Amino acid sequence: MKNVEMSIEGNILTIKVDLTKDFGPSSSGKTIIIASSEGNQSLPEHEEIKIGLNVYKKK
């Protein structure tokens, strides 16, 4: 994962993303990637639950 921190407390998933970071252009070149789960990922200790996250801004 790029620039993504996740934590689970009880039944609450918290996702932290630093909005000041920048990982360059997307493959299409239309947006700038801020954070990504890089595809669908299982949550820690909850393999049956998946997350897919992309955070981006227009160029």
# chains A, B, ... in the order shown; residues from 1 in each chain; ligands from 1

$ residues_around --residues "Thr31 (chain A)" --least-positions-apart "6" --cutoff "8 Å" --atoms "only C-alpha atoms" --output "compact mmCIF listing (two decimals) with C-alpha atoms, in the first residue's frame"
# COMPACT_ATOMS: atom_id res chain seq x y z
CA PRO A 25 0.71 10.55 -12.34
CA TYR A 56 -6.17 11.10 -6.25
CA LYS A 57 -6.48 14.64 -7.57
CA LYS A 58 -6.82 16.10 -11.05
CA LYS A 59 -3.65 17.30 -12.75

$ residues_around --residues "Gly52 (chain A)" --least-positions-apart "5" --cutoff "9 Å" --atoms "only C-alpha atoms" --output "list in words"
Ser36, Ser37, Glu38, Gly39, Asn40 and Gln41 of chain A

$ write_last_selection --atoms "C-alpha atoms" --output "short mmCIF file (atom, residue, chain, number, x, y, z; two decimals), in the first residue's frame"
data_model
loop_
_atom_site.label_atom_id
_atom_site.label_comp_id
_atom_site.auth_asym_id
_atom_site.auth_seq_id
_atom_site.Cartn_x
_atom_site.Cartn_y
_atom_site.Cartn_z
CA SER A 36 -3.59 3.58 -3.03
CA SER A 37 -4.25 0.15 -1.61
CA GLU A 38 -2.83 -1.11 -4.93
CA GLY A 39 -5.81 -3.36 -5.61
CA ASN A 40 -8.17 -5.11 -3.25
CA GLN A 41 -6.52 -6.09 0.04
#

$ residues_around --residues "Val4 (chain A)" --least-positions-apart "6" --cutoff "8 Å" --atoms "only C-alpha atoms" --output "PDB file with N, CA and C atoms, in the first residue's frame"
ATOM      1  N   ILE A  15      -8.981   4.700   8.563  1.00  0.00           N
ATOM      2  CA  ILE A  15      -8.006   4.811   7.485  1.00  0.00           C
ATOM      3  C   ILE A  15      -7.369   6.181   7.561  1.00  0.00           C
ATOM      4  N   LYS A  16      -6.025   6.223   7.549  1.00  0.00           N
ATOM      5  CA  LYS A  16      -5.299   7.491   7.564  1.00  0.00           C
ATOM      6  C   LYS A  16      -4.515   7.628   6.270  1.00  0.00           C
ATOM      7  N   VAL A  17      -4.648   8.811   5.626  1.00  0.00           N
ATOM      8  CA  VAL A  17      -3.937   9.137   4.396  1.00  0.00           C
ATOM      9  C   VAL A  17      -3.360  10.539   4.553  1.00  0.00           C
ATOM     10  N   ASP A  18      -2.071  10.694   4.282  1.00  0.00           N
ATOM     11  CA  ASP A  18      -1.429  12.007   4.306  1.00  0.00           C
ATOM     12  C   ASP A  18      -1.703  12.681   2.965  1.00  0.00           C
ATOM     13  N   ALA A  35      -2.745   8.295  -2.694  1.00  0.00           N
ATOM     14  CA  ALA A  35      -2.661   7.066  -1.902  1.00  0.00           C
ATOM     15  C   ALA A  35      -3.374   5.950  -2.653  1.00  0.00           C
ATOM     16  N   SER A  36      -2.957   4.716  -2.381  1.00  0.00           N
ATOM     17  CA  SER A  36      -3.595   3.575  -3.032  1.00  0.00           C
ATOM     18  C   SER A  36      -3.385   2.305  -2.216  1.00  0.00           C
ATOM     19  N   SER A  37      -4.410   1.479  -2.202  1.00  0.00           N
ATOM     20  CA  SER A  37      -4.252   0.154  -1.609  1.00  0.00           C
ATOM     21  C   SER A  37      -3.611  -0.800  -2.621  1.00  0.00           C
TER      22      SER A  37
END

$ atom_distance --atom1 "CA of Met6 (chain A)" --atom2 "CA of Thr20 (chain A)"
17.7 Å

$ residues_around --residues "Glu45 (chain A)" --least-positions-apart "3" --cutoff "12 Å" --atoms "only C-alpha atoms" --output "tab-separated table (two decimals) with N, CA and C atoms, in the first residue's frame"
chain	number	residue	atom	x	y	z
A	6	MET	N	-4.06	1.72	8.22
A	6	MET	CA	-5.36	1.25	8.68
A	6	MET	C	-5.24	0.69	10.08
A	7	SER	N	-6.29	0.91	10.87
A	7	SER	CA	-6.36	0.29	12.19
A	7	SER	C	-7.80	-0.10	12.46
A	8	ILE	N	-7.96	-1.14	13.25
A	8	ILE	CA	-9.29	-1.62	13.62
A	8	ILE	C	-9.39	-1.62	15.13
A	9	GLU	N	-10.40	-0.94	15.63
A	9	GLU	CA	-10.71	-0.97	17.07
A	9	GLU	C	-12.15	-1.42	17.21
A	10	GLY	N	-12.31	-2.61	17.77
A	10	GLY	CA	-13.66	-3.17	17.85
A	10	GLY	C	-14.18	-3.42	16.45
A	11	ASN	N	-15.29	-2.79	16.11
A	11	ASN	CA	-15.88	-2.93	14.78
A	11	ASN	C	-15.68	-1.70	13.91
A	13	LEU	N	-13.19	0.52	11.48
A	13	LEU	CA	-11.98	0.61	10.66
A	13	LEU	C	-11.65	2.08	10.48
A	41	GLN	N	-7.34	-5.48	-1.00
A	41	GLN	CA	-6.52	-6.09	0.04
A	41	GLN	C	-7.41	-6.58	1.18
A	42	SER	N	-6.99	-7.65	1.83
A	42	SER	CA	-7.70	-8.13	3.02
A	42	SER	C	-7.33	-7.26	4.20
A	48	GLU	N	-11.68	-12.17	5.51
A	48	GLU	CA	-12.89	-12.25	4.69
A	48	GLU	C	-13.37	-10.88	4.22
A	49	ILE	N	-12.82	-9.80	4.79
A	49	ILE	CA	-13.22	-8.44	4.42
A	49	ILE	C	-12.11	-7.83	3.56
A	50	LYS	N	-12.52	-7.26	2.43
A	50	LYS	CA	-11.56	-6.67	1.50
A	50	LYS	C	-11.77	-5.16	1.41

$ atom_distance --atom1 "CA of Ile51 (chain A)" --atom2 "CA of Ile33 (chain A)"
17.3 Å

$ decode --residues "region 5-57 of chain A" --atoms "C-alpha atoms" --output "mmCIF file, in the first residue's frame"
data_model
loop_
_atom_site.group_PDB
_atom_site.id
_atom_site.type_symbol
_atom_site.label_atom_id
_atom_site.label_comp_id
_atom_site.auth_asym_id
_atom_site.auth_seq_id
_atom_site.Cartn_x
_atom_site.Cartn_y
_atom_site.Cartn_z
ATOM 1 C CA GLU A 5 -2.490 3.368 7.390
ATOM 2 C CA MET A 6 -5.363 1.249 8.677
ATOM 3 C CA SER A 7 -6.358 0.292 12.191
ATOM 4 C CA ILE A 8 -9.285 -1.621 13.619
ATOM 5 C CA GLU A 9 -10.707 -0.966 17.071
ATOM 6 C CA GLY A 10 -13.662 -3.174 17.846
ATOM 7 C CA ASN A 11 -15.877 -2.933 14.783
ATOM 8 C CA ILE A 12 -14.499 0.396 13.530
ATOM 9 C CA LEU A 13 -11.984 0.613 10.661
ATOM 10 C CA THR A 14 -9.951 3.830 10.603
ATOM 11 C CA ILE A 15 -8.006 4.811 7.485
ATOM 12 C CA LYS A 16 -5.299 7.491 7.564
ATOM 13 C CA VAL A 17 -3.937 9.137 4.396
ATOM 14 C CA ASP A 18 -1.429 12.007 4.306
ATOM 15 C CA LEU A 19 -2.963 14.351 1.721
ATOM 16 C CA THR A 20 0.335 16.227 1.272
ATOM 17 C CA LYS A 21 2.055 13.234 -0.368
ATOM 18 C CA ASP A 22 2.209 12.673 -4.112
ATOM 19 C CA PHE A 23 3.188 9.494 -5.983
ATOM 20 C CA GLY A 24 3.116 10.976 -9.465
ATOM 21 C CA PRO A 25 0.708 10.550 -12.337
ATOM 22 C CA SER A 26 -1.698 7.653 -12.753
ATOM 23 C CA SER A 27 -1.184 5.257 -15.641
ATOM 24 C CA SER A 28 -3.663 7.275 -17.742
ATOM 25 C CA GLY A 29 -1.832 10.493 -16.869
ATOM 26 C CA LYS A 30 -5.088 12.296 -16.030
ATOM 27 C CA THR A 31 -4.670 12.327 -12.246
ATOM 28 C CA ILE A 32 -1.994 12.491 -9.534
ATOM 29 C CA ILE A 33 -1.959 9.571 -7.085
ATOM 30 C CA ILE A 34 -2.037 10.531 -3.392
ATOM 31 C CA ALA A 35 -2.661 7.066 -1.902
ATOM 32 C CA SER A 36 -3.595 3.575 -3.032
ATOM 33 C CA SER A 37 -4.252 0.154 -1.609
ATOM 34 C CA GLU A 38 -2.833 -1.112 -4.932
ATOM 35 C CA GLY A 39 -5.810 -3.357 -5.614
ATOM 36 C CA ASN A 40 -8.166 -5.112 -3.250
ATOM 37 C CA GLN A 41 -6.520 -6.090 0.043
ATOM 38 C CA SER A 42 -7.695 -8.125 3.024
ATOM 39 C CA LEU A 43 -8.012 -6.316 6.313
ATOM 40 C CA PRO A 44 -5.598 -7.374 9.064
ATOM 41 C CA GLU A 45 -7.145 -10.137 11.181
ATOM 42 C CA HIS A 46 -10.301 -10.058 8.983
ATOM 43 C CA GLU A 47 -9.263 -11.980 5.864
ATOM 44 C CA GLU A 48 -12.891 -12.249 4.693
ATOM 45 C CA ILE A 49 -13.216 -8.436 4.418
ATOM 46 C CA LYS A 50 -11.560 -6.665 1.497
ATOM 47 C CA ILE A 51 -10.767 -3.001 0.833
ATOM 48 C CA GLY A 52 -9.899 -1.207 -2.399
ATOM 49 C CA LEU A 53 -8.824 2.423 -1.999
ATOM 50 C CA ASN A 54 -7.625 5.085 -4.428
ATOM 51 C CA VAL A 55 -7.097 8.725 -3.449
ATOM 52 C CA TYR A 56 -6.169 11.100 -6.252
ATOM 53 C CA LYS A 57 -6.477 14.642 -7.574
#
